[in-house]
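Student: Handing you a structure now.
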Amino acid sequence: MKITINHKEFERIIDYNQIKKRIRLIGIQLNVTYEKQHPVFIGVLNGCFMFMADLMKQIHIANELSFVKLSSYDGVSQRRQVDELIGLDCDLADREVVIVEDIVDTGNSLKHTLDLVNAQNPASVAVCTLLLKPKAVNHIFDNIAYVGFEIDNDFVVGYGLDYQGMGRTLPDIYREVIPEK
Ligand SMILES: O=P(O)(O)OC[C@H]1O[C@H](OP(=O)(O)OP(=O)(O)O)[C@H](O)[C@@H]1O
Ligand code: HPA
C-alpha cells in the first residue's frame with residue numbers, strides 16, 4: 001500500500017499487527033528481566049509516544065516512567081545538533097533505567113539521552129527501540145538490548161515517526177519511495 005505525504009510517496013513496510021506482536025514479545029522479555037526490580041522507563045519524545053503507550057500496556061511489574069524531548073531532524077535532512085527541549089525531571093541515581101526510542105538512526109539522539117541519563121549514575125541502563133537502522137548508526141552502543149525491527153537505511157514514517165510533522169498518527173510504518181530517474 002502506498003501513501004503520499006507532502007508530495008512524497010511512501011510504501012508500507014510494517015503493519016500494526018506485526019508491531020503489536022513484536023511489542024508483546026518485548027514486554028515479556030522486560031517483565032522477566034526486571035521482575036524483582038522497579039525500573040524507570042524514559043521515553044524520548046515526540047517520536048516514542050505511540051510505542052511507549054503500547055509497550056507500557058505490556059509491562060506488569062512495578063515501574064515508573066518519564067520523558068525527555070529532543071529534536072534533531074528537519075524533514076529528511078539531518079541537522080548536526082541535538083536540541084534538548086524538555087530535560088530529565090527525575091532522580092535516576094541507583095535506578096534501573098530503560099530508554100525507550102521509536103528509532104535509532106544515526107544514534108545521535110540516543111547518545112545525547114545516554115549522556116543525560118548516565119550523568120545521574122543509574123544502577124543500569126538498557127535501550128529499547130522499536131526500529132534500528134544498523135547501517136546508519138554512527139556510534140558504538142553496547143546496551144541496545146531490545147529492538148523491534150532492524151530496517152534498511154530508508155526514511156520512514158508512521159507509528160510516531162513524522163515527515164515534516166506529518167504522518168505520526170499512522171498505525172503502520174512506511175518507507176520513502178525514491179522515484180526512478
Ligand atoms: O538516531 P537519530 O539519527 O538521532 O534519530 C533518531 C531520533 O530522531 C527522531 O526524533 P526527532 O529529533 O526527529 O524528533 P521527534 O521525535 O520530535 O520527531 C526519532 O524520534 C529519534 O528520537
Ligand atoms: O527515518 C526516519 N523517519 C522519521 N524520523 C526519523 N528520525 C530519524 N530517522 C527518521
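By convention in this document, the chains of the C-alpha cells carry letters A, B, ... by their order, each chain's residues are numbered from 1, and ligands are numbered from 1 in the order they are shown.
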Compute the set of protein, DNA and RNA residues whose minimum atom distance to ligand 2 is at most 12 Å, using only C-alpha atoms and all ligand atoms, and state it as an MDAnalysis selection string.
Tutor: chainID A and resid 10 44:48 70:79 82 101:110 129:134 136:137 150:168 173:176
Student: Pick out the residues sitting within 7 Å of A:Ala145, and hand them over as a list in words; count only C-alpha atoms, and ignore anything fewer than 4 positions along from it in its own chain.
Tutor: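 The filter keeps Ala126, Val127 and Cys128 of chain A.
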Student: Suppose we keep N, CA and C atoms; can you now write the selection as a compact mmCIF listing (two decimals), in the first residue's frame?
Tutor:
# COMPACT_ATOMS: atom_id res chain seq x y z
N ALA A 126 19.48 0.26 29.95
CA ALA A 126 19.25 -0.53 28.73
C ALA A 126 18.43 0.32 27.77
N VAL A 127 18.56 0.01 26.48
CA VAL A 127 17.83 0.77 25.46
C VAL A 127 16.85 -0.16 24.78
N CYS A 128 15.63 0.34 24.60
CA CYS A 128 14.58 -0.39 23.90
C CYS A 128 14.12 0.49 22.74
Student: Find the residues near A:Leu92: any atom within 12 Å, counting only C-alpha atoms, skip ones fewer than 6 places away on the same chain, and give them as a ChimeraX atom specification.
Tutor: /A:38-42,64-66,98-99,114,116-125
Student: Tell me, in Å to one decimal, how far atom CA of A:Asn6 is from atom CA of A:Ile178.
Tutor: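 If I compute the distance from atom CA of A:Asn6 to atom CA of A:Ile178, I get 14.2 Å.
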Student: Could you pull the residues within 12 Å of A:Lys36, counting only C-alpha atoms, minus those fewer than 2 positions along the same chain, as a ChimeraX atom specification?
Tutor: /A:30-34,38-39,60-63,96
Student: Generate the output file for the selected residues, C-alpha atoms, as a PDB file, in the first residue's frame.
Tutor:
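So the final result, stored in part-v2.pdb, reads:
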ATOM      1  CA  LEU A  30      11.189  -6.801  30.028  1.00  0.00           C
ATOM      2  CA  ASN A  31       8.816  -8.318  32.618  1.00  0.00           C
ATOM      3  CA  VAL A  32      11.203 -11.242  33.071  1.00  0.00           C
ATOM      4  CA  THR A  33      14.425  -9.201  33.119  1.00  0.00           C
ATOM      5  CA  TYR A  34      13.149  -6.627  35.609  1.00  0.00           C
ATOM      6  CA  HIS A  38      11.437  -1.269  39.778  1.00  0.00           C
ATOM      7  CA  PRO A  39      12.745   0.207  36.521  1.00  0.00           C
ATOM      8  CA  HIS A  60       3.136  -5.762  34.530  1.00  0.00           C
ATOM      9  CA  ILE A  61       5.974  -5.240  37.009  1.00  0.00           C
ATOM     10  CA  ALA A  62       6.421  -2.203  39.276  1.00  0.00           C
ATOM     11  CA  ASN A  63       7.638   0.694  37.180  1.00  0.00           C
ATOM     12  CA  GLU A  96      17.430   0.590  36.692  1.00  0.00           C
TER      13      GLU A  96
END
Student: Report as a list in words all protein, DNA and RNA residues lying within 7 Å of A:Met52, evaluated on only C-alpha atoms, omitting residues in the same chain fewer than 4 positions from it.
Tutor: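 Contacts, with the query itself left out: Gly43, Cys48, Met56 and Val100 of chain A.
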Student: Return as a list in words the full set of residues in stretch 41-110 of chain A whose backbone-based DSSP assignment is alpha helix (DSSP H).
Tutor: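 Here are the alpha helix (DSSP H) residues of stretch 41-110 of chain A: Phe49, Met50, Phe51, Met52, Ala53, Asp54, Leu55, Met56, Asn108, Ser109 and Leu110 of chain A.
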Student: Pick the closest to ligand 1 from A:Leu88, A:Met1, A:Val68, A:Ile28: which is it, counting only C-alpha atoms and all ligand atoms?
Tutor: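 Under the stated criterion, the closest residue is A:Val68.
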Student: Given the choices A:His112, A:Arg24, A:Lys181, A:His7, which gets closest to ligand 1 if the distance is worked out from only C-alpha atoms and all ligand atoms?
Tutor: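 Residue with the minimum atom-to-atom distance to ligand 1: A:His112.
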